[in-house]
Every structure is written in C-alpha cells, then in structure tokens.
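Below: the structure, in structure tokens.
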Amino acid sequence: MTRSQKQNVLVFPCGSEIGLELYRSLSMSTHVSLFGASSVPDHGRFVYERHIDGLPFVDEPGFIEAVNCVIDEHRIDFLFPAHDSVVLSFAENTRQLHCKVLGSPVETCRICRSKRLTINKFASLLRVAILYDDVDSVRNWPLFLKPDIGQGSRGTHLARNPNEAAFYLTQDPSLLLLEYLPGSEYTVDCFTDRHGELRFAGARERIRIQNGISVNTRPVEDEAFHEMAEIINRALKFRGVWFYQVKKSAGGELTLLEIGPRVAGTMALYRNLGVNSALLTVFDAIGLDVGILRNEFHLDLDRALATRFKSDIDYRHLYIDLDDCLILDEKVNPQAVALLYQCLNRGIQLHLLTRHSSSVDDTLKRHKLAEVFDDIIHLKGDEPKSEYINHSDCVFIDDSFAERKEVRSAKGIPVFAPDAIESLLWSDSAKGEGDNGNEE
C-alpha cells in the first residue's frame, strides 16, 4: 500500500475516550486519512482536523441514514465504532451501511453487549462471576449490582446486606445481582486477524480507576491471561481489536467480568510498547498480513485530563523571546519548540526578538536551533520591542510582563507568557497557507 492508497477512516463518536485513543493510534499513520464525527459538541472537535458534528444519537431514527450521508460525502472506506452501543448498531446494520465496519461479527457484538449473555456463554468454559436470581438466593455478602447493558461504572452499586440490595432494586429492578470480587482487576488487550488467529494478548493491571476508566495501569506477565484469551477467541468470532476484563475473587481466582469487541481507552499502554491494535485492525481489514513486534521494557501508564484550545486568532507571524522563554535554565523549552514547528508546518513566519547578552548565533547553535527563524532581531539597548514588530497579524511571546504590557499597549496584538503557549498548540488558530483545516 502506498501513500496514494490512503484509507479514509471515520471514528464515531470521536470525542469518547475510545475515540481519542483511536485518534492517537491512527492520526500519524501515512496509510490513514482520519475523520471524526459526533452527536454532541465534545472534545473530538478540538482534536480531529476533519470533524463532523450534529449526527443523530445511535438510538434515534435516521441514524444510519445520517452516517451514510457522511460516508458518501467524504468517501469513507471504514467505520471505526468508539462506543459499545455504536459497536452493536454498526454490526447490526452492516448491509445498510455504505462502507465496511471495523469490528467483529454481529453475534459476537450482541453477546458482548450483555453481561448476562456473556456470563451464560462462558459459564462452562471459564470462572465467571456468580449471577444470582434474586436477593433471597444470595449467600455471601456484599453483593455487586450492575446494569446488564452498560459501560464504565455507571449505574453500579455495592450492597452490604439485603436491605441495601432491595433499595437499589427499587430504583432499577433490571440490575444484575453479581458476586462481589474484592481482588485486583485486569484488562487484557487482544487482536485477532481475519483468519481467526489470536495474534496478541497483553494483560495490564487496572491500578487506579476513575469513572470506569483505567487511569493508571502497568503490564502483567502471566500465561493464564493468554490461555483465557485463547478460550474466548475459540468460543466467539472476533475480527481485529478486542479486550476482556477479569477480577480476582476472594479466593484469588481470575474471574471473567466482561468482553469488549472494540478498542479499550487505555490500550495506549501496549501501543507505546509497539502493538498498535487499532492500526493492525485497519491493515487486517484491507487484507494485509501483519507482523507484531512488542518492546520488552517496562512501562507504566498514568493519565489525567488533557487540555486543548480553540481561538479566533488569525496570525501569520510569531515573535518570541529567547531567554527564559525559548531557553529555560540553559535547556530548550520543548513546548515552545513544538509551537515553532507547528508554525513552520502552517507557513507562519518566525521572528526571534531578544535582548540576549551574548552571541545569539552561538546560543542558537549550541541548542540546535540555528535554522528555525526567518529573522533574528537582537536588541542592544533599552529600545521597546514594539518598534521591531512590523506586522499586525502576529502574536508575541515573552516571559517579561513589562515587555508584554509594552507590546500590547503599542501594537494591540495578543501577547503570551511561556505558560500560555499551550493555548496556541494544536489549536484551530493560525492557519497558514499549507493548512487545509477541515478539508480533505
């Protein structure tokens, strides 16, 4: 496959944690042109360059027709579902959709969408959580109640006695009554190729969880996880990326919780160890035989909220200071350099405006920055920096409040301290000549 044979891949909903992981997995591939779509204004519009919003919700009338309109307009080759309900909807409507769906067969998706069906399917094959018929049949407390169809930790409850269980059931009589599993929890990220062969199964411990999402995780090496993956892979038909979750019982037994025929939001751990299951799924879908090469070093993943910005600044020139801005404590400021190269990619001219006390050329050469700037303005005295800013469509970055205040007063342009550089990174502002924005 060559660059001219790029596959147009549409992720929906693109602002979910799964959709954001798909962006990180696919956006840098030379084989994929990535599109994102959403039903609501979510974080996806800050991330996906090609973004479509306003689609109906998956359970609304006209959903498939609206998706087909996007497929036709943007010549989409593959749909990549990024939510459990969307996984099932796309699988059920594969014949109506105008492109291929990346994922497993519909029967697999139906079973995996229901915790009851999953438990019933694997009760004779694996250790599964005990599912009680009613409160009276429970012998060991506490009890865990959760929806049959759901994701994350939404709607789940821990009941310590029959009265608490009865209270939660009055709120939602459909809740499943499940054995409480107090031990460590694990996710096993898997990939099955188009021949049905399980090509990868990597376990990771879910050390810290927020809103049902693993935000701190590390790899775990135990052959038992691979053996369970093989059993699941033989019992259900998978295609591409999938995962399963287990938890240890009070007796230390690995107990199956659920299976997901989709990308997991924290598959980033193994992606950064060399196994990009989402991209492997695309390659497998177009009929390529893939190789898998996992690095063997240890890696912990921990994450928190990430920040992206949108602004209405339209600039073609960037002026930036050197000392304590581009260079901090004799080290290059990596965020500032990222912004400089983002500007270069967009055809924005770069101007270094500095009162550096020694040779600017020598300092730039020492820090490998000699070829970045369109021009270098080296002030020798106390003259105001505003006198050397000759463009109105520009922004100014300086660590000095006094310098920023003087430039802002004299020129009326946006001014930024180094800590605000992040608002210029990866934003929709400053679209230069080479930036196609939301166009193909």
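Within each chain, counting starts at residue 1; across the structure tokens, chains are named A, B, ... in the order shown, with ligands numbered 1 upward in that order.
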Residues of stretch 87-109 of chain A at most 9 Å from stretch 228-237 of chain A: nearest atom pair and distance in Å, only C-alpha atoms, as CSV:
```
residue,atom,partner,partner_atom,distance
A:Ser104,CA,A:Lys237,CA,6.8
A:Pro105,CA,A:Lys237,CA,6.7
A:Glu107,CA,A:Lys237,CA,8.3
A:Thr108,CA,A:Leu236,CA,6.0
```
Test item, alpha helix (DSSP H) assignment across stretch 58-266 of chain A, answer as a short mmCIF file (atom, residue, chain, number, x, y, z; two decimals) with N, CA and C atoms, in the first residue's frame:
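File result-v1.cif, as written:
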```
data_model
loop_
_atom_site.label_atom_id
_atom_site.label_comp_id
_atom_site.auth_asym_id
_atom_site.auth_seq_id
_atom_site.Cartn_x
_atom_site.Cartn_y
_atom_site.Cartn_z
N PHE A 63 -30.45 7.53 12.17
CA PHE A 63 -29.02 7.49 12.49
C PHE A 63 -28.21 6.89 11.35
N ILE A 64 -28.60 5.71 10.86
CA ILE A 64 -27.83 5.05 9.81
C ILE A 64 -27.84 5.89 8.53
N GLU A 65 -28.98 6.50 8.22
CA GLU A 65 -29.06 7.33 7.02
C GLU A 65 -28.10 8.52 7.13
N ALA A 66 -28.02 9.14 8.32
CA ALA A 66 -27.12 10.28 8.51
C ALA A 66 -25.67 9.85 8.40
N VAL A 67 -25.34 8.68 8.94
CA VAL A 67 -23.97 8.17 8.83
C VAL A 67 -23.64 7.90 7.37
N ASN A 68 -24.57 7.36 6.62
CA ASN A 68 -24.34 7.09 5.19
C ASN A 68 -24.10 8.38 4.41
N CYS A 69 -24.77 9.46 4.79
CA CYS A 69 -24.53 10.75 4.12
C CYS A 69 -23.08 11.20 4.33
N VAL A 70 -22.57 11.01 5.55
CA VAL A 70 -21.17 11.36 5.83
C VAL A 70 -20.23 10.46 5.05
N ILE A 71 -20.54 9.17 5.02
CA ILE A 71 -19.72 8.22 4.27
C ILE A 71 -19.63 8.62 2.81
N ASP A 72 -20.76 8.94 2.21
CA ASP A 72 -20.78 9.29 0.79
C ASP A 72 -20.06 10.61 0.52
N GLU A 73 -20.30 11.60 1.38
CA GLU A 73 -19.71 12.93 1.15
C GLU A 73 -18.18 12.90 1.26
N HIS A 74 -17.67 12.12 2.20
CA HIS A 74 -16.22 12.12 2.45
C HIS A 74 -15.53 10.86 1.92
N ASP A 84 -19.80 1.29 22.94
CA ASP A 84 -20.36 -0.06 22.92
C ASP A 84 -21.67 -0.14 22.15
N SER A 85 -22.56 0.83 22.34
CA SER A 85 -23.83 0.80 21.62
C SER A 85 -23.63 0.99 20.12
N VAL A 86 -22.66 1.79 19.75
CA VAL A 86 -22.37 2.02 18.34
C VAL A 86 -21.75 0.78 17.71
N VAL A 87 -20.92 0.07 18.49
CA VAL A 87 -20.36 -1.20 18.00
C VAL A 87 -21.49 -2.13 17.56
N LEU A 88 -22.50 -2.29 18.41
CA LEU A 88 -23.59 -3.20 18.10
C LEU A 88 -24.45 -2.66 16.96
N SER A 89 -24.74 -1.36 16.96
CA SER A 89 -25.56 -0.79 15.90
C SER A 89 -24.91 -0.95 14.53
N PHE A 90 -23.62 -0.65 14.44
CA PHE A 90 -22.92 -0.80 13.15
C PHE A 90 -22.90 -2.28 12.72
N ALA A 91 -22.68 -3.17 13.69
CA ALA A 91 -22.64 -4.60 13.36
C ALA A 91 -24.00 -5.07 12.85
N GLU A 92 -25.08 -4.57 13.45
CA GLU A 92 -26.43 -4.98 13.03
C GLU A 92 -26.84 -4.38 11.69
N VAL A 106 -21.76 -9.66 14.13
CA VAL A 106 -22.87 -9.16 14.92
C VAL A 106 -23.20 -10.06 16.11
N GLU A 107 -23.11 -11.38 15.96
CA GLU A 107 -23.45 -12.26 17.07
C GLU A 107 -22.47 -12.08 18.23
N THR A 108 -21.20 -11.91 17.92
CA THR A 108 -20.21 -11.63 18.96
C THR A 108 -20.54 -10.31 19.66
N CYS A 109 -20.90 -9.29 18.89
CA CYS A 109 -21.21 -7.98 19.47
C CYS A 109 -22.44 -8.04 20.36
N ARG A 110 -23.44 -8.85 19.97
CA ARG A 110 -24.65 -8.97 20.78
C ARG A 110 -24.36 -9.64 22.12
N ILE A 111 -23.59 -10.70 22.09
CA ILE A 111 -23.26 -11.39 23.34
C ILE A 111 -22.43 -10.50 24.25
N CYS A 112 -21.44 -9.82 23.68
CA CYS A 112 -20.56 -8.98 24.49
C CYS A 112 -21.27 -7.75 25.05
N ARG A 113 -22.34 -7.31 24.40
CA ARG A 113 -23.06 -6.14 24.89
C ARG A 113 -23.85 -6.45 26.15
N LYS A 115 -24.03 -8.45 29.74
CA LYS A 115 -23.25 -9.16 30.75
C LYS A 115 -23.87 -10.50 31.08
N ARG A 116 -25.21 -10.56 31.06
CA ARG A 116 -25.88 -11.83 31.32
C ARG A 116 -25.55 -12.85 30.23
N LEU A 117 -25.64 -12.42 28.96
CA LEU A 117 -25.32 -13.34 27.87
C LEU A 117 -23.86 -13.78 27.91
N THR A 118 -22.99 -12.86 28.28
CA THR A 118 -21.56 -13.20 28.38
C THR A 118 -21.33 -14.24 29.47
N ILE A 119 -21.94 -14.04 30.64
CA ILE A 119 -21.79 -15.00 31.73
C ILE A 119 -22.34 -16.36 31.32
N ASN A 120 -23.51 -16.37 30.70
CA ASN A 120 -24.11 -17.65 30.28
C ASN A 120 -23.26 -18.35 29.23
N LYS A 121 -22.66 -17.58 28.33
CA LYS A 121 -21.84 -18.16 27.26
C LYS A 121 -20.60 -18.84 27.82
N PHE A 122 -20.02 -18.27 28.85
CA PHE A 122 -18.72 -18.77 29.32
C PHE A 122 -18.78 -19.48 30.66
N PRO A 162 -29.11 -7.38 52.56
CA PRO A 162 -30.33 -7.48 51.74
C PRO A 162 -31.12 -6.17 51.67
N ASN A 163 -31.12 -5.39 52.74
CA ASN A 163 -31.87 -4.13 52.70
C ASN A 163 -31.30 -3.16 51.67
N GLU A 164 -29.96 -3.05 51.62
CA GLU A 164 -29.34 -2.17 50.63
C GLU A 164 -29.62 -2.67 49.22
N ALA A 165 -29.54 -3.98 49.02
CA ALA A 165 -29.82 -4.54 47.69
C ALA A 165 -31.26 -4.24 47.28
N ALA A 166 -32.19 -4.40 48.20
CA ALA A 166 -33.59 -4.13 47.89
C ALA A 166 -33.81 -2.67 47.54
N PHE A 167 -33.10 -1.79 48.23
CA PHE A 167 -33.22 -0.36 47.94
C PHE A 167 -32.78 -0.05 46.50
N TYR A 168 -31.62 -0.58 46.09
CA TYR A 168 -31.14 -0.32 44.73
C TYR A 168 -32.05 -0.95 43.68
N LEU A 169 -32.65 -2.09 44.00
CA LEU A 169 -33.54 -2.74 43.05
C LEU A 169 -34.86 -1.99 42.88
N THR A 170 -35.29 -1.26 43.92
CA THR A 170 -36.47 -0.43 43.75
C THR A 170 -36.21 0.71 42.77
N GLN A 171 -34.95 1.15 42.72
CA GLN A 171 -34.58 2.21 41.77
C GLN A 171 -34.44 1.67 40.37
N GLU A 223 0.87 -16.37 32.03
CA GLU A 223 0.36 -17.18 30.94
C GLU A 223 -1.14 -17.43 31.06
N ALA A 224 -1.67 -17.32 32.29
CA ALA A 224 -3.10 -17.57 32.49
C ALA A 224 -3.95 -16.59 31.68
N PHE A 225 -3.48 -15.37 31.51
CA PHE A 225 -4.25 -14.39 30.73
C PHE A 225 -4.31 -14.79 29.26
N HIS A 226 -3.20 -15.29 28.74
CA HIS A 226 -3.19 -15.71 27.33
C HIS A 226 -4.06 -16.94 27.13
N GLU A 227 -4.06 -17.84 28.10
CA GLU A 227 -4.89 -19.03 27.99
C GLU A 227 -6.37 -18.66 27.98
N MET A 228 -6.75 -17.70 28.83
CA MET A 228 -8.14 -17.24 28.83
C MET A 228 -8.51 -16.59 27.51
N ALA A 229 -7.58 -15.81 26.96
CA ALA A 229 -7.82 -15.16 25.67
C ALA A 229 -8.05 -16.19 24.57
N GLU A 230 -7.28 -17.27 24.59
CA GLU A 230 -7.46 -18.33 23.59
C GLU A 230 -8.83 -18.99 23.72
N ILE A 231 -9.27 -19.23 24.95
CA ILE A 231 -10.58 -19.84 25.16
C ILE A 231 -11.69 -18.93 24.64
N ILE A 232 -11.60 -17.63 24.96
CA ILE A 232 -12.60 -16.67 24.49
C ILE A 232 -12.57 -16.57 22.98
N ASN A 233 -11.38 -16.57 22.40
CA ASN A 233 -11.24 -16.44 20.95
C ASN A 233 -11.81 -17.64 20.21
N ARG A 234 -11.76 -18.82 20.84
CA ARG A 234 -12.34 -20.01 20.21
C ARG A 234 -13.86 -20.03 20.35
N ALA A 235 -14.37 -19.45 21.43
CA ALA A 235 -15.81 -19.51 21.69
C ALA A 235 -16.58 -18.46 20.91
#
```
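In this comparison, which uses only C-alpha atoms, the residue of A:Pro41, A:Gly196, A:Pro61, A:Pro418 approaching A:Leu326 most closely is A:Pro418.
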I'd like a table as CSV: residues in stretch 228-329 of chain A with an atom no more than 12 Å from stretch 361-365 of chain A, each row giving the shortest atom pair and its distance in Å to one decimal, only C-alpha atoms counted, sorted by chain and rising residue number.
```
residue,atom,partner,partner_atom,distance
A:Leu322,CA,A:Leu364,CA,9.2
A:Asp323,CA,A:Thr363,CA,10.1
A:Leu326,CA,A:Leu364,CA,10.1
A:Ile327,CA,A:Thr363,CA,9.4
```
Go ahead and write the residues just picked, C-alpha atoms, as a PDB file, in the first residue's frame.
```pdb
ATOM      1  CA  LEU A 322      14.917  33.838  23.767  1.00  0.00           C
ATOM      2  CA  ASP A 323      15.997  33.976  27.428  1.00  0.00           C
ATOM      3  CA  LEU A 326      12.611  29.613  24.367  1.00  0.00           C
ATOM      4  CA  ILE A 327      15.590  28.703  26.580  1.00  0.00           C
TER       5      ILE A 327
END
```
Write out, as a Markdown table, each residue of stretch 201-319 of chain A that has an atom at most 8 Å from stretch 332-355 of chain A, together with the closest pair of atoms and their distance in Å to one decimal, counting only C-alpha atoms, rows going by chain and rising number.
```
| residue | atom | partner | partner_atom | distance |
| --- | --- | --- | --- | --- |
| A:Tyr315 | CA | A:Ile348 | CA | 7.7 |
| A:Arg316 | CA | A:Ile348 | CA | 4.8 |
| A:His317 | CA | A:Gln349 | CA | 4.8 |
| A:Leu318 | CA | A:Leu350 | CA | 5.1 |
| A:Tyr319 | CA | A:His351 | CA | 4.7 |
```
*Quick one: pull the distance between atom CA of A:Ile209 and atom CA of A:Pro261, Å, one decimal.*
20.6 Å
*asked:* Considering only strand (DSSP E) as DSSP defines it on the backbone, what residues of stretch 52-225 of chain A qualify? List them as a PyMOL selection string.
replied: chain A and resi 52+78-81+100-101+131-132+143-146+157-159+176-179+185-192+198-210+213-220
*Can you list, as a PyMOL selection string, every protein, DNA or RNA residue that comes within 8 Å of A:Arg262 when you count only C-alpha atoms, leaving out same-chain residues fewer than 3 positions away?*
chain A and resi 81-82+84+87+103+241-243
